[in-house]
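Colleague: Data file work_25.csv (CSV, C-alpha atoms) is appended below.
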chain,number,residue,atom,x,y,z
A,1,MET,CA,-160.1,-117.1,125.8
A,2,LEU,CA,-161.5,-119.1,122.9
A,3,LYS,CA,-162.4,-122.7,123.8
A,4,LEU,CA,-162.6,-125.1,120.9
A,5,LYS,CA,-164.8,-127.6,122.8
A,6,ASP,CA,-167.6,-125.0,123.1
A,7,LEU,CA,-167.6,-123.8,119.5
A,8,SER,CA,-170.4,-124.7,117.0
A,9,LEU,CA,-168.6,-125.9,113.8
A,10,LEU,CA,-169.9,-127.2,110.6
A,11,GLU,CA,-169.2,-131.0,110.7
A,12,SER,CA,-169.1,-131.9,107.0
A,13,ARG,CA,-168.9,-130.4,103.5
A,14,ARG,CA,-172.6,-131.4,103.0
A,15,GLU,CA,-173.6,-128.9,105.6
A,16,LEU,CA,-172.4,-126.1,103.4
A,17,SER,CA,-175.6,-126.7,101.4
A,18,LEU,CA,-177.7,-126.3,104.5
A,19,LEU,CA,-176.6,-122.7,105.3
A,20,PRO,CA,-179.6,-120.4,105.1
A,21,GLU,CA,-180.0,-117.8,102.4
A,22,GLY,CA,-179.6,-114.1,103.0
A,23,LYS,CA,-176.9,-112.2,105.0
A,24,VAL,CA,-174.7,-114.9,106.5
A,25,LEU,CA,-171.2,-114.4,107.9
A,26,ILE,CA,-168.9,-117.5,107.4
A,27,ASN,CA,-165.5,-117.8,109.1
A,28,THR,CA,-162.9,-120.5,109.1
A,29,ILE,CA,-160.7,-121.7,112.0
A,30,ASN,CA,-157.4,-123.6,111.9
A,31,ALA,CA,-154.5,-124.0,114.3
A,32,HIS,CA,-153.0,-120.6,113.5
A,33,SER,CA,-156.3,-118.7,114.1
A,34,TYR,CA,-157.0,-120.7,117.2
A,35,ASN,CA,-153.7,-119.7,118.6
A,36,THR,CA,-154.1,-116.1,117.6
A,37,ALA,CA,-157.6,-116.0,119.2
A,38,GLN,CA,-156.1,-116.9,122.6
A,39,LYS,CA,-154.5,-113.5,122.9
A,40,ASP,CA,-156.9,-111.4,120.7
A,41,PRO,CA,-160.3,-111.0,122.4
A,42,LEU,CA,-161.9,-109.2,119.4
A,43,PHE,CA,-160.8,-112.0,117.0
A,44,ALA,CA,-162.1,-114.6,119.4
A,45,GLU,CA,-165.4,-112.8,119.6
A,46,ALA,CA,-165.6,-112.5,115.8
A,47,LEU,CA,-165.1,-116.3,115.4
A,48,GLN,CA,-167.7,-117.1,118.1
A,49,LYS,CA,-170.4,-114.7,116.9
A,50,GLY,CA,-170.3,-115.3,113.2
A,51,ASP,CA,-173.1,-117.3,111.6
A,52,ALA,CA,-171.1,-120.3,110.6
A,53,LEU,CA,-167.6,-121.5,111.5
A,54,VAL,CA,-165.7,-123.9,109.2
A,55,PRO,CA,-163.0,-126.3,110.5
A,56,ASP,CA,-160.2,-125.5,108.1
A,57,GLY,CA,-157.6,-127.8,109.4
A,58,ALA,CA,-157.1,-131.5,110.2
A,59,SER,CA,-155.7,-130.4,113.6
A,60,ILE,CA,-159.0,-128.8,114.5
A,61,VAL,CA,-160.9,-132.0,113.6
A,62,LEU,CA,-158.6,-134.2,115.7
A,63,ALA,CA,-158.6,-131.8,118.6
A,64,CYS,CA,-162.4,-131.7,118.7
A,65,ARG,CA,-162.4,-135.5,119.0
A,66,TRP,CA,-159.7,-135.5,121.8
A,67,LEU,CA,-161.5,-132.7,123.7
A,68,LYS,CA,-164.9,-134.4,123.3
A,69,ALA,CA,-166.1,-131.1,122.0
A,70,LYS,CA,-169.7,-130.0,121.4
A,71,SER,CA,-169.0,-130.2,117.6
A,72,GLN,CA,-167.5,-133.3,116.1
A,73,PRO,CA,-166.4,-132.5,112.5
A,74,LYS,CA,-166.1,-135.6,110.4
A,75,GLU,CA,-163.6,-133.9,107.9
A,76,ARG,CA,-161.6,-130.8,107.3
A,77,ILE,CA,-163.5,-128.2,105.2
A,78,ALA,CA,-160.8,-126.0,103.6
A,79,GLY,CA,-161.4,-122.3,102.8
A,80,TRP,CA,-161.0,-123.5,99.2
A,81,ASP,CA,-163.9,-126.0,99.6
A,82,LEU,CA,-166.1,-123.1,100.9
A,83,PHE,CA,-165.1,-121.0,98.0
A,84,GLU,CA,-165.8,-123.6,95.3
A,85,HIS,CA,-169.1,-124.5,96.8
A,86,GLU,CA,-170.4,-120.9,97.0
A,87,MET,CA,-169.0,-120.0,93.6
A,88,GLU,CA,-170.6,-123.0,91.9
A,89,GLN,CA,-173.9,-122.3,93.5
A,90,LEU,CA,-173.9,-118.7,92.3
A,91,ASN,CA,-172.7,-119.7,88.8
A,92,ARG,CA,-175.7,-122.0,88.5
A,93,ARG,CA,-178.2,-119.2,89.1
A,94,GLY,CA,-176.1,-116.3,87.9
A,95,GLY,CA,-175.2,-113.1,89.9
A,96,LYS,CA,-172.5,-110.8,91.1
A,97,CYS,CA,-169.6,-111.6,93.3
A,98,PHE,CA,-167.4,-109.0,95.1
A,99,PHE,CA,-163.8,-109.6,96.1
A,100,MET,CA,-162.5,-107.2,98.7
A,101,GLY,CA,-158.8,-107.5,99.6
A,102,SER,CA,-155.4,-108.3,98.1
A,103,SER,CA,-153.5,-106.3,95.4
A,104,GLU,CA,-154.8,-104.9,92.1
A,105,ARG,CA,-152.6,-107.4,90.3
A,106,VAL,CA,-154.1,-110.4,92.2
A,107,LEU,CA,-157.6,-109.1,91.8
A,108,GLY,CA,-157.1,-108.6,88.1
A,109,LEU,CA,-156.0,-112.3,87.8
A,110,VAL,CA,-159.0,-113.3,89.9
A,111,LYS,CA,-161.4,-111.4,87.6
A,112,ALA,CA,-159.9,-113.0,84.5
A,113,LYS,CA,-159.9,-116.5,85.9
A,114,ALA,CA,-163.5,-116.1,87.2
A,115,ALA,CA,-164.6,-115.1,83.7
A,116,GLU,CA,-163.3,-118.5,82.4
A,117,VAL,CA,-164.4,-120.8,85.2
A,118,TYR,CA,-167.6,-119.1,86.3
A,119,PRO,CA,-169.0,-117.4,83.2
A,120,ASN,CA,-172.4,-116.6,84.8
A,121,ILE,CA,-170.8,-114.5,87.6
A,122,THR,CA,-170.1,-110.8,87.3
A,123,VAL,CA,-167.1,-109.9,89.3
A,124,GLU,CA,-166.3,-106.6,91.0
A,125,THR,CA,-163.2,-106.0,93.2
A,126,TYR,CA,-161.7,-103.6,95.7
A,127,SER,CA,-158.1,-103.4,96.7
A,128,PRO,CA,-157.7,-101.7,100.1
A,129,PRO,CA,-154.6,-99.9,101.3
A,130,TYR,CA,-151.8,-102.2,102.5
A,131,LYS,CA,-151.6,-101.2,106.2
A,132,PRO,CA,-152.4,-102.8,109.6
A,133,GLU,CA,-155.5,-100.6,110.2
A,134,PHE,CA,-157.7,-98.5,108.0
A,135,SER,CA,-158.7,-94.9,108.7
A,136,ASP,CA,-162.4,-94.0,109.2
A,137,GLU,CA,-162.4,-92.6,105.7
A,138,GLU,CA,-160.9,-95.7,104.2
A,139,ASN,CA,-163.4,-97.9,106.0
A,140,ARG,CA,-166.2,-95.7,104.7
A,141,GLN,CA,-165.0,-96.0,101.1
A,142,ILE,CA,-164.7,-99.8,101.4
A,143,ILE,CA,-168.2,-100.2,102.9
A,144,GLU,CA,-169.7,-97.8,100.3
A,145,ALA,CA,-168.1,-99.8,97.4
A,146,ILE,CA,-169.5,-103.1,98.7
A,147,ASN,CA,-173.0,-101.6,99.4
A,148,LYS,CA,-173.1,-99.9,96.0
A,149,ALA,CA,-172.2,-103.2,94.2
A,150,ASN,CA,-175.0,-105.0,96.1
A,151,PRO,CA,-173.3,-108.4,95.5
A,152,ASP,CA,-174.9,-111.9,95.6
A,153,LEU,CA,-171.7,-113.2,97.3
A,154,LEU,CA,-168.9,-111.3,99.1
A,155,TRP,CA,-165.4,-112.5,99.8
A,156,ILE,CA,-162.9,-110.8,102.1
A,157,GLY,CA,-159.3,-111.6,101.7
A,158,MET,CA,-156.8,-109.8,104.0
A,159,THR,CA,-155.4,-112.7,106.1
A,160,ALA,CA,-156.4,-113.6,109.6
A,161,PRO,CA,-157.2,-112.0,112.0
A,162,LYS,CA,-157.5,-108.7,110.2
A,163,GLN,CA,-160.2,-109.9,107.8
A,164,GLU,CA,-162.4,-111.5,110.4
A,165,LYS,CA,-162.2,-108.5,112.7
A,166,TRP,CA,-162.9,-106.1,109.9
A,167,VAL,CA,-166.0,-107.9,108.8
A,168,TYR,CA,-167.3,-108.4,112.3
A,169,THR,CA,-166.7,-104.8,113.3
A,170,HIS,CA,-168.5,-103.4,110.2
A,171,TRP,CA,-171.1,-106.2,109.8
A,172,LYS,CA,-174.1,-103.9,110.6
A,173,GLU,CA,-172.9,-101.3,108.1
A,174,LEU,CA,-172.7,-103.7,105.3
A,175,ASP,CA,-176.1,-103.4,103.5
A,176,ILE,CA,-175.9,-106.8,101.8
A,177,HIS,CA,-178.3,-109.8,101.3
A,178,CYS,CA,-175.7,-112.5,100.7
A,179,HIS,CA,-173.2,-114.9,102.1
A,180,CYS,CA,-169.9,-113.4,103.2
A,181,GLY,CA,-166.7,-115.4,103.7
A,182,ALA,CA,-163.3,-114.5,105.1
A,183,ILE,CA,-161.0,-116.7,103.1
A,184,GLY,CA,-157.5,-115.2,103.1
A,185,ALA,CA,-155.1,-117.2,100.9
A,186,VAL,CA,-157.8,-118.4,98.6
A,187,PHE,CA,-157.5,-115.2,96.6
A,188,ASP,CA,-153.9,-116.1,95.8
A,189,PHE,CA,-154.8,-119.8,95.1
A,190,PHE,CA,-157.5,-118.9,92.7
A,191,ALA,CA,-155.4,-116.2,91.0
A,192,GLY,CA,-152.5,-118.6,90.6
A,193,THR,CA,-150.0,-116.4,92.4
A,194,VAL,CA,-149.6,-119.0,95.2
A,195,GLU,CA,-149.6,-122.7,94.3
A,196,ARG,CA,-151.9,-124.9,96.4
A,197,ALA,CA,-150.7,-128.3,97.5
A,198,PRO,CA,-151.4,-131.2,95.1
A,199,LYS,CA,-154.3,-133.5,95.9
A,200,TRP,CA,-152.2,-136.2,97.7
A,201,TRP,CA,-150.9,-133.7,100.2
A,202,GLN,CA,-154.4,-132.3,100.8
A,203,GLU,CA,-155.9,-135.8,101.3
A,204,HIS,CA,-153.2,-136.7,103.8
A,205,SER,CA,-153.6,-133.5,105.9
A,206,LEU,CA,-150.1,-132.3,104.8
A,207,GLU,CA,-151.1,-129.1,103.0
A,208,TRP,CA,-149.4,-127.1,105.8
A,209,LEU,CA,-146.1,-129.0,105.2
A,210,TYR,CA,-146.3,-128.3,101.5
A,211,ARG,CA,-146.6,-124.6,102.1
A,212,LEU,CA,-143.8,-124.7,104.6
A,213,ILE,CA,-141.5,-126.4,102.1
A,214,LYS,CA,-142.5,-123.9,99.4
A,215,GLU,CA,-142.1,-120.8,101.6
A,216,PRO,CA,-139.9,-121.8,104.6
A,217,ARG,CA,-138.8,-118.2,105.4
A,218,ARG,CA,-142.4,-116.9,105.6
A,219,MET,CA,-144.1,-120.0,107.1
A,220,TRP,CA,-141.7,-121.5,109.5
A,221,ARG,CA,-142.9,-119.5,112.5
A,222,ARG,CA,-146.5,-120.2,111.7
A,223,TYR,CA,-146.2,-123.9,111.2
A,224,ILE,CA,-143.2,-125.1,113.4
A,225,ILE,CA,-143.7,-122.8,116.4
A,226,GLY,CA,-147.4,-122.5,115.7
A,227,ASN,CA,-148.1,-126.2,115.7
A,228,ILE,CA,-146.2,-126.7,119.0
A,229,LEU,CA,-148.2,-123.8,120.5
A,230,PHE,CA,-151.4,-125.3,119.3
A,231,LEU,CA,-150.7,-128.6,121.1
A,232,ILE,CA,-149.9,-126.6,124.3
A,233,ASN,CA,-153.1,-124.6,124.0
A,234,ILE,CA,-155.2,-127.6,123.4
A,235,ALA,CA,-153.6,-129.4,126.3
A,236,LYS,CA,-154.4,-126.4,128.5
A,237,GLU,CA,-158.0,-126.5,127.4
A,238,LYS,CA,-158.2,-130.3,128.0
A,239,PHE,CA,-156.6,-130.2,131.5
Can you give me the file's structure in the form of structure tokens?

Modeller:
Amino acid sequence: MLKLKDLSLLESRRELSLLPEGKVLINTINAHSYNTAQKDPLFAEALQKGDALVPDGASIVLACRWLKAKSQPKERIAGWDLFEHEMEQLNRRGGKCFFMGSSERVLGLVKAKAAEVYPNITVETYSPPYKPEFSDEENRQIIEAINKANPDLLWIGMTAPKQEKWVYTHWKELDIHCHCGAIGAVFDFFAGTVERAPKWWQEHSLEWLYRLIKEPRRMWRRYIIGNILFLINIAKEKF
């Protein structure tokens, strides 16, 4: 079982700049992934054994305070914050970024947008099959594509917990020298296929509610049932 009070989390956006260079695995955690990790041992292990864990949710920040956890994040660090930070750093020095995940359509939009926003970054992409698990051959092809590209930054976007488990399982096979982040919905946000909440909603920790209003049929279970389950799980951890 994953225990939030024992996790080492980044505590502010400033700490993104302190991450070491080289091969670094960066994951995010929010209420949904915390809940999922309670019943998925491999996912829990992937979150615990990555190199950096980002508190992507105001609920995680508040829960850490209530639990008197080892880490005390001062603010939420969204997957988008991680994405912008890493892309801006790479754009300043120039290099190659690899996006693995999502559909060919979304990846095409990502590539076009990156050419405008980050002109000093060369973008390569790979759209894996849309299925719960990949075959050994499909995994081999994905790994070969990434290693051949030899990127300076690697993004994995297949939604949690699939993306985190995939990277963790194949981490030793990835012959890379760069930061790697599992960032799920950020692919769609950057491509413009999913609208991110306006600034006011973000600043008031209501981005989840905005997504629920926009996509109620897809998100109601995650945010209504999921938020209640999160409170129950945190209470269990506390008492």

Colleague: Work out how far CA of Val186 in chain A is from CA of Thr159 in chain A, in Å to one decimal.

Modeller: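 So the answer is 9.7 Å.
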
Colleague: Distance CA of Ser127 in chain A-CA of Leu107 in chain A, one decimal place?

Modeller: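 So the two atoms, CA of Ser127 in chain A and CA of Leu107 in chain A, lie 7.5 Å apart.
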
Colleague: Which is closest to Leu47 in chain A among A:Asn120, A:Ser71, A:Gln163, A:Ser17, if we use all atoms listed in the file?

Modeller: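 Answer, going by the shortest atom-to-atom distance: A:Gln163.
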
Colleague: Where does range 39-99 of chain A meet range 197-209 of chain A within 12 Å, residue by residue, with the nearest atom pair and distance in Å to one decimal for each, counting only C-alpha atoms, listed by chain and rising number, as CSV?

Modeller:
residue,atom,partner,partner_atom,distance
A:Asp56,CA,A:Ser205,CA,10.6
A:Gly57,CA,A:Ser205,CA,7.8
A:Ala58,CA,A:Ser205,CA,5.9
A:Ser59,CA,A:Ser205,CA,8.6
A:Ile60,CA,A:Ser205,CA,11.2
A:Val61,CA,A:Ser205,CA,10.7
A:Leu62,CA,A:Ser205,CA,11.0
A:Glu75,CA,A:Ser205,CA,10.2
A:Arg76,CA,A:Ser205,CA,8.6
A:Ile77,CA,A:Gln202,CA,10.9
A:Ala78,CA,A:Gln202,CA,9.4
A:Trp80,CA,A:Gln202,CA,11.1
A:Asp81,CA,A:Gln202,CA,11.5

Colleague: Taking all atoms listed in the file into account, which of A:Leu82, A:Leu18, A:Ala191, A:Val167 comes nearest Val110 in chain A?

Modeller: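 Ranking A:Leu82, A:Leu18, A:Ala191, A:Val167 by distance to Val110 in chain A, first place goes to A:Ala191.
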